[in-house]
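Undergrad: Just passing along the structure, written as structure tokens.
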Amino acid sequence: MTLSSAAETAGAVPALETRDLTVRFGGHVAVNGVGCRFTRGTLTAIVGPNGAGKTTYFNLISGQLRATAGSVLLDGHDLSSHGAAGRTRRGIGRAFQLTNLFPNLTVRENIRLAVQARRGRGFDIFSMAAHGRHLIQRADAILEQVRLGVRADDVVATLPHGDQRKLEVAILIALEPRIFMFDEPTAGMSVDEVPVILDLIHGIKSDPANTVLLVEHKMDVVHSLADRIIVLHNGYLVADGDPKEVVASPIVQEAYLGMGASTHV
Amino acid sequence: MLNWIISGDRPRSRILAAVLIIILLGLLLAPFVFPGTRSLAVAARICVLIVLVASYDILLGYTGIVSFAHTMFFGIGAYGVAIALNALGPSWGAVGLGTVAGVAVSIAAAAVIGLLSLRVRAIFFSMITLAVASFFLILASQLSFITGGEDGMSFRVPRMLTPAFKLFEDEIFGQRFNGRLVAYYLVFISSLVLFLFMLRVVNSPFGRVLQAIRENDFRAEALGNRVVLYRTAASCLVAALAALAGVLNALWLRYTGPDATLSFAIMLDILLMVVIGGMGTLYGAVIGVVILSLAQFYLQDLMGAASSALAGIPVLPELIAADRWMLWLGILFVLSVYFFPTGIVGKLRER
Amino acid sequence: ADPIKIALISGKTGPLEAYAKQTHTGLMMGLEYATQGTMEIDGRKIEVIEKDTQLKPEIARAVLAEAYGDDEVDLAIGPTSSGDALAMLPVAQEYEKILLVEPAVADSITGDKWNRYIFRTGRNSSQDAISNAVALGKPGVKIATLAQDYAFGRDGVAAFRDALASTGAEIAHEEYVPRDTTDFTAPAQRIFDAMDKVEGDKVLFVIWAGASTPFAKLAAMEPERRGIKIATGGNILPAMAAYKALPGMEGATYYYYDIPKNPVNDWLVTEHQTRFNSPPDFFTAGGMSAGIAAVEAIRKAGSTETEALITAMEGMSFMSPKGEMTFRKEDHQALQEMYHFRIKVDENVAWGIPELVRVIGIDDMDVPIRNQR
Amino acid sequence: MSERSMPERAGAAGARDGGVGDAAQAGALLTLAGVHTHIAQYHILQGVDLVVPRGGLAMLLGRNGAGKTTTLRTIMGLWHASQGRITFDGRDITAAETPDLAKGGIAYVPEDMGIFSSLTVRENMLLAARSGPMDDRRLAWIFDLFPALEKFWNWPAGNLSGGQKQMLAIARAIVEPRALLIVDEPSKGLAPAIIGHLIEAFRELKATDTTILMVEQNFSMATALGDTVAVMDDGRVVHAGSMHELAHDGDLQRRLLGLSLDSHQ
Amino acid sequence: MTARALKTAGMVERHAPLAMAGLILFLPLILIDPGTWLVLAIAGLAMGMMIFLMASGLTLVFGLMDVLNFAHGAFVAVGAYLATGLLSPGGPFAGLMGVSLLGDVGAMLLAILVACAAAGVLGLVFERVIVRRVYGAHLRQILITVGGLIVAEQLITVIWGADPIPLPKPETLRGSIFIGDIAVERYRLVACALGLVAYLGMHFALNRTRIGLLVRAGVENREMVEALGYRVRRLFVGVFVAGTALAAAGGVMWALYQEIVTVHIGADVMILVFIVVIIGGLGSVGGCFLGALLVGLTANFMGYLAPTLALGSNILLMVAVLLWRPRGLYPATKN
Ligand SMILES: Nc1ncnc2c1ncn2[C@@H]1O[C@H](COP(=O)(O)OP(=O)(O)OP(=O)(O)O)[C@@H](O)[C@H]1O
Ligand SMILES: Nc1ncnc2c1ncn2[C@@H]1O[C@H](COP(=O)(O)OP(=O)(O)OP(=O)(O)O)[C@@H](O)[C@H]1O
Ligand SMILES: [Mg+2]
Ligand SMILES: [Mg+2]
């Protein structure tokens, strides 16, 4: 397994690329020189043990963290000078691993804010937000997609955990990014709800303009969605390639799945 | 139409709606319904404070920024016209110039403070504003050759706003139509317009982003909103509004000074008004202002009467002596935070 | 007959509450004394309406306007702080009614902010400064001043400097510190450094407003080791507790109950002692002066018409706890005697006792007229 | 309302028929009988009956929003039941305060992990070890389970990765022996290898006489560990029985949990 | 390797503020002659200790419980007024005083103890009636405690009257000790000693016991601390009471320094106290201690070198510290 993946051979500029991305906290290197290219129309699953640096890697790409070294390129353009907000507006969207919402606003307002941010209407002080019909319609449409329509008027803090996870995904969709990053979207979601989310991600992936990155510990989910898997371990990128091969590789079997642990999954 | 004027922000409570209408009518007809200098002064003060407190609520209730520098901007506006009127004489030109200068300085100051310090943790920001505000207070009293120092400055306003100016010679409805009336309606109409403007702001897309930032700034940033920029913009906006309130206050009082515009006591009054009324709703600001202003102006009289009625009973008269009105204000303070955590408006809307 | 209505406007609530209380007591006793206990003038009952400025100038204006406009008082007395007073002056002019200022001290009240409806029984800053200059100034005396860094302090030092010019003493160093200073080590060191460089009788003159005073802290640094004596004006009794650290200190004061010898003061001290079990203080005397002045003025004018009152009061002399006072025609400031004192310490008295050195008579002080008529 | 309360009882009766049996009932460590819980004006739990046999591991399953977390919080005294009775070790604890329950031997791993992020990992553990210094042998066992904790021992817990926080939350609950362990979705966010460890760990705990009540979405983990199982829906227990029975009844799974064969391999 | 790097980083982190303090202490030696410098430095340190006494209670409550107690000043005032009752001629401890240094200091310590106890009881009531409902909500804390401050000040006026009350220092604590030409006020030495004792006591309580951890954890997630088996309520009450007792102790000391007590004696120093607490890094007792010393020193050196700047020196110091370390010298919590 080489660090350059099959997808790269297309020759075109990759949708997203990280070069030598590194971040250090005190003496601890959480992400260590990770270089990787992500191509449009594909879904790359990122797996690795807890604390491997997956979320941190996402944070570096989406701008929540500043890299100690290395760079992130979107369509070949260096993003180093942009913060989280700038990167979102340029099309890098992400859903968080630990639920991160506006707890005292309604479900609909949460989405509406995302739609509004996407449309860049934030500095308008003269019109009424409640009159932005198309924003609200769009928000409602997305809520239907994730089957949260019935809870549209509820305050987010009163939602059960699983529904909050769905809202997290819905907000990402509302941002209409070109790069979608999901951080364990199905964690805490009940089994019957999981297929809804998987269908959604599948739909996103099937648009050739989109690029999807997915962190997930459930191997069944990874198998059903991923075109490619990369493995992070102790901050290093240790494997990259076709799902079947990667999963079969000894390092994944040992360090990640645990010997014989796959029976539990 | 009405919905458009109030930006779709309905009171959402019958009682609240009724109270607001009564307040509006009361202020509109104050010179006729409540004759006397004191009541007119109270009415004008209420108008000014509504602008000041509502603008503070945009910062505090909607954006979640605790600033102690709001009175500083109020002062800058007031000193702006005061200095201009002193230097250029009582003309409308001077009023205009002073207003523009005051607003501009306020916006600039807010922008600098915001960009420098809105990144730090909220509580530190409050403390920085506290420090800046007390520094400004010191400055105002030190630069006595411009500001009149501790003593403040009295100045003359355009003749149209003084009692000497007579609209009609005779009294109509028992009211002299003189410049004070003109001044009152100038204050009233300006305040109303500014209030409706603020109502629009908080219900605009911009206002919604501010609320999102208050709820979860990290997430708001991740949605693509540059939080520091929004916070700074909000600070600048409310600074300008506070400065305008300062201008109105100065024109009405024909006096300005550190105690009247800059003191920490006013800052606390504003805070209290916002909270009693209900944070995060501009109608709350109105209610808070009216209740507290009435208390400040009339509680003392009321207590004086009660105290003399109870003369002879030990301790009690001492506790409700007119000079102890602050005690009861303090108790009101505590009780209102205690029992109306969402403010009066929140309580009214609960039902 | 209609009652005579007098408004007492003071900062009843707020940091100066204690002062306002004294003024109130003094005023009521003054009215009582001047009417021989009847509280009537020419058959008209006196009615005192009290109003609180809360030490907020805008409220001060509002309550004064209310007193004149709604309560229709004949004249108003007050307020406690100069800030309130300066805000109130234009209101008196607007309503064309008299405001008898007591005890606010700012020079500008009877100076450039003055108008013809303003009279003052209280002493002004200049009078304070000049009396101290008279008490301390001798040829060969070198003085350092310590004052708070704001208009009151700087004006006080300026007036003091002017008054000192004719005495042969001179100012060697001026030190200004923030108003709320509590630690005087640094300013004292600066003063010591400066005074080490000059020869002569060295005096450190302190102008200080507020309850917490620098004296004990200055005394603890033992300036006498460097040949420097501390001097300052009088103050209210609780503040003079700090003077106990400075036996022998000299200065000039506006009032101390034991000093003036006249029937008015005798009555005040005895009555105050019996009623309140304490001697009258600074502002009690001031309040009483104002009460007596009001009664005398109305008697003399024979009416409560403003113009009649102004005519009667200009140049009017009346007895006060501080002896005879006269409203100067030019700026309506009451000229009055002041007292050169020296501090004596008595273990049984809670404060340092100012013993009279000499009375500084009206003629000993050349109080400048600073208003434009 | 009165109509709705009927199936409740039926459900409860069903629970007994479901094979737990009266013996287990007698040996129950924790029993909930007809528990109703209101949060503000919402009626969330609508008569929950639940039996946790002494020394066993009881699984609580159900869709998102079924009321599982609310049930656990009600037991813990974090919400209070408005009706019904909760008994623990023979004592009525319906109205007991949280700290007393904790002192009485109940440990709790909340859904949101409840990490003190400003404290270090060590300090987090220290607070959980109420009775004195931490037992070195037990600590070694915990480090063995979750090596990351040892590595980040003196770090602020807020900086841990999502999965590491979950490990810390569990470790805190087992730092000292407790009579009853209440765990809300422990596997959420954990890598497969760690889940394998975790299963072992819970088995060991069971062997030490610790009774466990666990909410889980990971069905394979649930089947691997559970002795008894209760399934919740709409604020009620709609099925109770042995885990073995549910694990081998596809129909029941589909009906109760919406599980279909393709969503878990 | 990484461990060492970590350690060095930590050392720098920890010692930079100390280095800064050293700089502020010694740099003025270039401009001031050594005798004067010594006088200023000692006076500044002692002033800092007194401020620390008043600020320590606030930082405890502020830092551990995240409660902004604007009424802290009222408890300082209560301490001060109690001192006037206890230590004035005619008061219960007057008999001890005026004879020997031991008697005077003893009387003072007794007064502090009584004041602490009384203020502690008041603090208990205050916590019950006022603060209890507003844990976790800064804004409401500010408001309700300001309300409490007003009520407390008014009640003080009702009880003790509006007149300032003089409070002479005990005879033996007046004046200065002279070392050559250098005057050191006796009282400041006593203040130094007491400040140090208070600091060490708090340091021990917070670092050698679990209390500090528990309270911090309780603020962050109260439910979880209860679920671990601790009574958060009692803990909070205890900390709050300790905070008010410390305020009262500071009040006694400050009243004796000022020698006159007014209703606003506490409120007047509150801005200064807040500045100290902020500089120190919200809730860190060590930071507060260092911050207080820095404030004392800066005020004295600035007052000597550039009196016109002395006015804003505290604020300037705070802004400078925050620009350098946006969360204060020793941030108590990491986030
Ligand atoms: N604080 C609250 N206020 C109002 N309703 C609430 C509150 N907390 C939970 N609920 C409601 O109670 C119901 C049960 O929630 P609970 O969290 O117990 O579900 P759950 O079974 O744990 O779901 P999940 O598997 O998603 O964690 C949900 O409908 C939820 O909306
Ligand atoms: N802000 C931070 N400061 C210090 N260390 C951090 C910080 N953020 C993350 N780390 C450390 O970096 C490592 C990687 O964390 P990260 O959250 O990326 O893991 P992860 O791969 O997402 O794990 P999980 O599957 O458990 O979510 C962890 O060991 C964590 O402790
Ligand atoms: Mg992660
Ligand atoms: Mg749950």
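Within each chain, counting starts at residue 1; across the structure tokens, chains are named A, B, ... in the order shown, with ligands numbered 1 upward in that order.
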Got a sec: who's within 10 Å of stretch 32-35 of chain C, counting only C-alpha atoms, leaving out chain neighbours fewer than 2 positions off, as a VMD selection string?
TA: chain C and resid 26 to 30 37 to 42 46 264 267 to 268 288 to 289 291 to 296 319 to 320
Undergrad: With only C-alpha atoms considered, list every residue of chain B at most 9 Å from chain A, as an MDAnalysis selection string.
TA: chainID B and resid 4 7:8 197 200:209 211:216 218:227 230 233
Undergrad: Mind running chain B against chain C at 10 Å and telling me each contacting residue's nearest atom pair with the distance in Å (one decimal), counting only C-alpha atoms, chain and number ascending, as a tab-separated table?
TA:
residue	atom	partner	partner_atom	distance
B:Pro35	CA	C:Asp70	CA	9.0
B:Gly36	CA	C:Asp70	CA	5.8
B:Thr37	CA	C:Glu66	CA	5.5
B:Arg38	CA	C:Glu66	CA	5.3
B:Ser39	CA	C:Glu66	CA	8.9
B:Leu40	CA	C:Ala62	CA	9.4
B:Ala41	CA	C:Ala62	CA	6.5
B:Val42	CA	C:Ala62	CA	8.5
B:Arg45	CA	C:Glu58	CA	9.7
B:Ile138	CA	C:Pro178	CA	9.3
B:Ser141	CA	C:Tyr150	CA	6.7
B:Gln142	CA	C:Tyr150	CA	6.0
B:Leu143	CA	C:Tyr150	CA	8.9
B:Ser144	CA	C:Ala151	CA	6.8
B:Phe145	CA	C:Ala151	CA	9.3
B:Gly148	CA	C:Ala151	CA	8.5
B:Gly149	CA	C:Ala151	CA	6.4
B:Glu150	CA	C:Gly83	CA	6.5
B:Asp151	CA	C:Gly83	CA	4.1
B:Gly152	CA	C:Gly83	CA	6.8
B:Met153	CA	C:Ala87	CA	7.4
B:Ser154	CA	C:Ala87	CA	6.2
B:Phe155	CA	C:Pro90	CA	9.0
B:Arg156	CA	C:Pro90	CA	9.5
B:Thr162	CA	C:Glu94	CA	9.4
B:Pro163	CA	C:Glu94	CA	8.1
B:Ala164	CA	C:Glu94	CA	8.9
B:Asn249	CA	C:Glu58	CA	9.6
B:Ala250	CA	C:Glu58	CA	9.8
B:Leu253	CA	C:Glu58	CA	6.8
B:Arg254	CA	C:Ala87	CA	8.9
B:Tyr255	CA	C:Ala87	CA	6.5
B:Thr256	CA	C:Glu58	CA	8.0
B:Gly257	CA	C:Pro57	CA	7.6
B:Pro258	CA	C:Pro57	CA	9.1
B:Asp259	CA	C:Lys56	CA	5.8
B:Ala260	CA	C:Glu58	CA	5.9
B:Thr261	CA	C:Glu58	CA	9.2
B:Ser263	CA	C:Lys56	CA	9.5
B:Ala265	CA	C:Lys56	CA	9.7
B:Ile266	CA	C:Lys56	CA	9.9
B:Gln296	CA	C:Gln54	CA	9.8
B:Phe297	CA	C:Ile59	CA	8.8
B:Gln300	CA	C:Asp52	CA	8.8
B:Asp301	CA	C:Lys51	CA	9.4
B:Ala322	CA	C:Lys12	CA	9.4
B:Asp323	CA	C:Thr13	CA	6.1
B:Arg324	CA	C:Thr13	CA	7.8
B:Trp325	CA	C:Thr13	CA	8.5
B:Met326	CA	C:Thr13	CA	7.8
Undergrad: Please report as a list in words which residues of chain B come no farther than 7 Å from chain E, using only C-alpha atoms.
TA: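 Those within range of chain E come out as Val120, Ala131, Phe135, Leu272, Arg324, Met326, Leu327, Gly330, Ile331, Phe333, Val334 and Val337 of chain B.
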Undergrad: How would you write, as a PyMOL selection string, the set of residues no farther than 9 Å from ligand 1 when counting only C-alpha atoms and all ligand atoms?
TA: (chain A and resi 151+154-165+188-190) or (chain D and resi 38-45+61-73+111+184-185+215-217+232-235)
Undergrad: Go ahead and write the selection's residues with C-alpha atoms as a PDB file, in the first residue's frame.
TA:
ATOM      1  CA  ARG A 151     -39.895  18.155  15.632  1.00  0.00           C
ATOM      2  CA  ASP A 154     -39.214  21.938  19.304  1.00  0.00           C
ATOM      3  CA  VAL A 155     -36.385  23.527  21.156  1.00  0.00           C
ATOM      4  CA  VAL A 156     -33.225  21.585  20.426  1.00  0.00           C
ATOM      5  CA  ALA A 157     -32.302  21.050  24.076  1.00  0.00           C
ATOM      6  CA  THR A 158     -35.361  18.844  24.518  1.00  0.00           C
ATOM      7  CA  LEU A 159     -34.468  16.516  21.665  1.00  0.00           C
ATOM      8  CA  PRO A 160     -33.216  13.037  22.489  1.00  0.00           C
ATOM      9  CA  HIS A 161     -29.633  12.345  21.688  1.00  0.00           C
ATOM     10  CA  GLY A 162     -30.269  10.513  18.445  1.00  0.00           C
ATOM     11  CA  ASP A 163     -32.377  13.306  17.005  1.00  0.00           C
ATOM     12  CA  GLN A 164     -29.676  15.814  17.830  1.00  0.00           C
ATOM     13  CA  ARG A 165     -27.277  13.711  15.793  1.00  0.00           C
ATOM     14  CA  GLY A 188     -25.762   7.033  19.407  1.00  0.00           C
ATOM     15  CA  MET A 189     -28.325   6.683  16.691  1.00  0.00           C
ATOM     16  CA  SER A 190     -30.714   3.811  17.032  1.00  0.00           C
TER      17      SER A 190
ATOM     18  CA  HIS D  38     -42.428  14.736  33.853  1.00  0.00           C
ATOM     19  CA  ILE D  39     -39.893  17.174  32.507  1.00  0.00           C
ATOM     20  CA  ALA D  40     -41.406  20.632  32.741  1.00  0.00           C
ATOM     21  CA  GLN D  41     -44.820  20.184  31.145  1.00  0.00           C
ATOM     22  CA  TYR D  42     -43.857  17.092  29.150  1.00  0.00           C
ATOM     23  CA  HIS D  43     -44.944  13.688  30.302  1.00  0.00           C
ATOM     24  CA  ILE D  44     -41.928  11.587  29.306  1.00  0.00           C
ATOM     25  CA  LEU D  45     -42.070   8.342  31.229  1.00  0.00           C
ATOM     26  CA  LEU D  61     -32.934  -0.956  24.397  1.00  0.00           C
ATOM     27  CA  GLY D  62     -35.152   1.223  22.268  1.00  0.00           C
ATOM     28  CA  ARG D  63     -35.357   3.805  19.561  1.00  0.00           C
ATOM     29  CA  ASN D  64     -34.076   7.361  19.849  1.00  0.00           C
ATOM     30  CA  GLY D  65     -36.375   9.261  22.126  1.00  0.00           C
ATOM     31  CA  ALA D  66     -37.950   6.173  23.654  1.00  0.00           C
ATOM     32  CA  GLY D  67     -37.094   7.377  27.139  1.00  0.00           C
ATOM     33  CA  LYS D  68     -34.078   5.276  28.022  1.00  0.00           C
ATOM     34  CA  THR D  69     -31.924   8.131  29.209  1.00  0.00           C
ATOM     35  CA  THR D  70     -34.832   9.585  31.102  1.00  0.00           C
ATOM     36  CA  THR D  71     -35.303   6.282  32.875  1.00  0.00           C
ATOM     37  CA  LEU D  72     -31.676   6.186  33.941  1.00  0.00           C
ATOM     38  CA  ARG D  73     -31.777   9.793  35.106  1.00  0.00           C
ATOM     39  CA  GLU D 111     -25.017   9.827  27.919  1.00  0.00           C
ATOM     40  CA  ASP D 184     -25.753   5.035  29.065  1.00  0.00           C
ATOM     41  CA  GLU D 185     -24.454   3.978  25.653  1.00  0.00           C
ATOM     42  CA  VAL D 215     -28.480   1.298  27.580  1.00  0.00           C
ATOM     43  CA  GLU D 216     -26.961   0.379  24.267  1.00  0.00           C
ATOM     44  CA  GLN D 217     -27.565   0.942  20.571  1.00  0.00           C
ATOM     45  CA  MET D 232     -38.705   0.773  25.601  1.00  0.00           C
ATOM     46  CA  ASP D 233     -40.938   2.745  23.343  1.00  0.00           C
ATOM     47  CA  ASP D 234     -42.821   5.955  23.951  1.00  0.00           C
ATOM     48  CA  GLY D 235     -41.958   6.139  27.620  1.00  0.00           C
TER      49      GLY D 235
END
Undergrad: How would you write, as a JSON list (two decimals) with all heavy atoms, in the first residue's frame, the set of residues no farther than 6 Å from ligand 3 when counting only C-alpha atoms and all ligand atoms?
TA:
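Just written: selection-v5.json:
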[["chain", "number", "residue", "atom", "x", "y", "z"],
["A", 54, "LYS", "N", -8.20, 11.56, 14.18],
["A", 54, "LYS", "CA", -9.18, 11.73, 13.11],
["A", 54, "LYS", "C", -9.92, 13.06, 13.24],
["A", 54, "LYS", "O", -10.00, 13.84, 12.29],
["A", 54, "LYS", "CB", -10.19, 10.57, 13.14],
["A", 54, "LYS", "CG", -9.54, 9.19, 13.08],
["A", 54, "LYS", "CD", -10.54, 8.07, 13.14],
["A", 54, "LYS", "CE", -11.28, 7.95, 14.46],
["A", 54, "LYS", "NZ", -10.44, 7.61, 15.62],
["A", 55, "THR", "N", -10.46, 13.29, 14.42],
["A", 55, "THR", "CA", -11.19, 14.54, 14.62],
["A", 55, "THR", "C", -10.25, 15.73, 14.48],
["A", 55, "THR", "O", -10.60, 16.76, 13.91],
["A", 55, "THR", "CB", -11.85, 14.54, 16.01],
["A", 55, "THR", "OG1", -12.71, 13.42, 16.10],
["A", 55, "THR", "CG2", -12.65, 15.81, 16.25],
["D", 161, "SER", "N", -9.77, 12.97, 23.02],
["D", 161, "SER", "CA", -10.61, 12.70, 21.85],
["D", 161, "SER", "C", -11.95, 12.18, 22.33],
["D", 161, "SER", "O", -12.11, 11.82, 23.50],
["D", 161, "SER", "CB", -9.94, 11.66, 20.95],
["D", 161, "SER", "OG", -10.20, 10.37, 21.44],
["D", 162, "GLY", "N", -12.92, 12.17, 21.41],
["D", 162, "GLY", "CA", -14.27, 11.74, 21.79],
["D", 162, "GLY", "C", -14.27, 10.38, 22.47],
["D", 162, "GLY", "O", -14.85, 10.20, 23.55]]
Undergrad: Output as an mmCIF file with N, CA, C and O atoms, in the first residue's frame the set of chain D residues within 6 Å of chain E, with distances taken over only C-alpha atoms.
TA:
data_model
loop_
_atom_site.group_PDB
_atom_site.id
_atom_site.type_symbol
_atom_site.label_atom_id
_atom_site.label_comp_id
_atom_site.auth_asym_id
_atom_site.auth_seq_id
_atom_site.Cartn_x
_atom_site.Cartn_y
_atom_site.Cartn_z
ATOM 1 N N THR D 98 -29.595 12.549 44.633
ATOM 2 C CA THR D 98 -28.509 11.948 43.854
ATOM 3 C C THR D 98 -27.283 11.564 44.695
ATOM 4 O O THR D 98 -26.792 10.444 44.583
ATOM 5 N N PRO D 99 -26.761 12.492 45.513
ATOM 6 C CA PRO D 99 -25.538 12.122 46.245
ATOM 7 C C PRO D 99 -25.748 10.910 47.147
ATOM 8 O O PRO D 99 -24.836 10.077 47.277
ATOM 9 N N ALA D 102 -25.542 7.818 45.091
ATOM 10 C CA ALA D 102 -24.158 7.518 44.744
ATOM 11 C C ALA D 102 -23.450 6.887 45.934
ATOM 12 O O ALA D 102 -22.731 5.895 45.801
ATOM 13 N N LYS D 103 -23.691 7.464 47.110
ATOM 14 C CA LYS D 103 -23.048 6.892 48.297
ATOM 15 C C LYS D 103 -23.580 5.513 48.593
ATOM 16 O O LYS D 103 -22.882 4.667 49.144
ATOM 17 N N GLY D 114 -20.246 13.525 30.842
ATOM 18 C CA GLY D 114 -20.067 14.289 32.075
ATOM 19 C C GLY D 114 -18.633 14.440 32.513
ATOM 20 O O GLY D 114 -18.297 14.368 33.692
ATOM 21 N N PHE D 116 -15.298 16.388 33.434
ATOM 22 C CA PHE D 116 -14.929 17.723 33.900
ATOM 23 C C PHE D 116 -13.744 18.182 33.061
ATOM 24 O O PHE D 116 -12.598 17.821 33.313
ATOM 25 N N SER D 118 -12.148 20.887 32.671
ATOM 26 C CA SER D 118 -11.082 21.752 33.177
ATOM 27 C C SER D 118 -10.157 21.000 34.130
ATOM 28 O O SER D 118 -9.119 21.505 34.516
ATOM 29 N N ALA D 128 -13.823 10.539 41.625
ATOM 30 C CA ALA D 128 -14.700 9.372 41.617
ATOM 31 C C ALA D 128 -14.303 8.391 42.715
ATOM 32 O O ALA D 128 -15.134 7.663 43.230
#
Undergrad: Considering only C-alpha atoms and all ligand atoms, state which residue in the set D:Ser242, D:Asn154, D:Thr228, D:Thr211 is at the smallest distance from ligand 2.
TA: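 Using only C-alpha atoms and all ligand atoms, the shortest distance to ligand 2 belongs to D:Asn154.
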Undergrad: Taking only C-alpha atoms into account, report as a list in words which residues of chain C lie within 8 Å of chain E.
TA: Pro15, Glu17, Ala18, Tyr176, Val177, Pro178, Thr182, Asp183, Thr185, Ala186, Pro187, Gln189, Arg190, Ala211, Ser212, Thr213, Ala216, Ala219, Ala220, Met221, Glu222, Pro238, Ala239, Ala241, Ala242 and Ala350 of chain C
Undergrad: Give as a ChimeraX atom specification every residue of chain D that touches chain A within 7 Å, counting only C-alpha atoms.
TA: /D:63-65,161,163-164,188-193,196,217,220-221,257-259,263-265
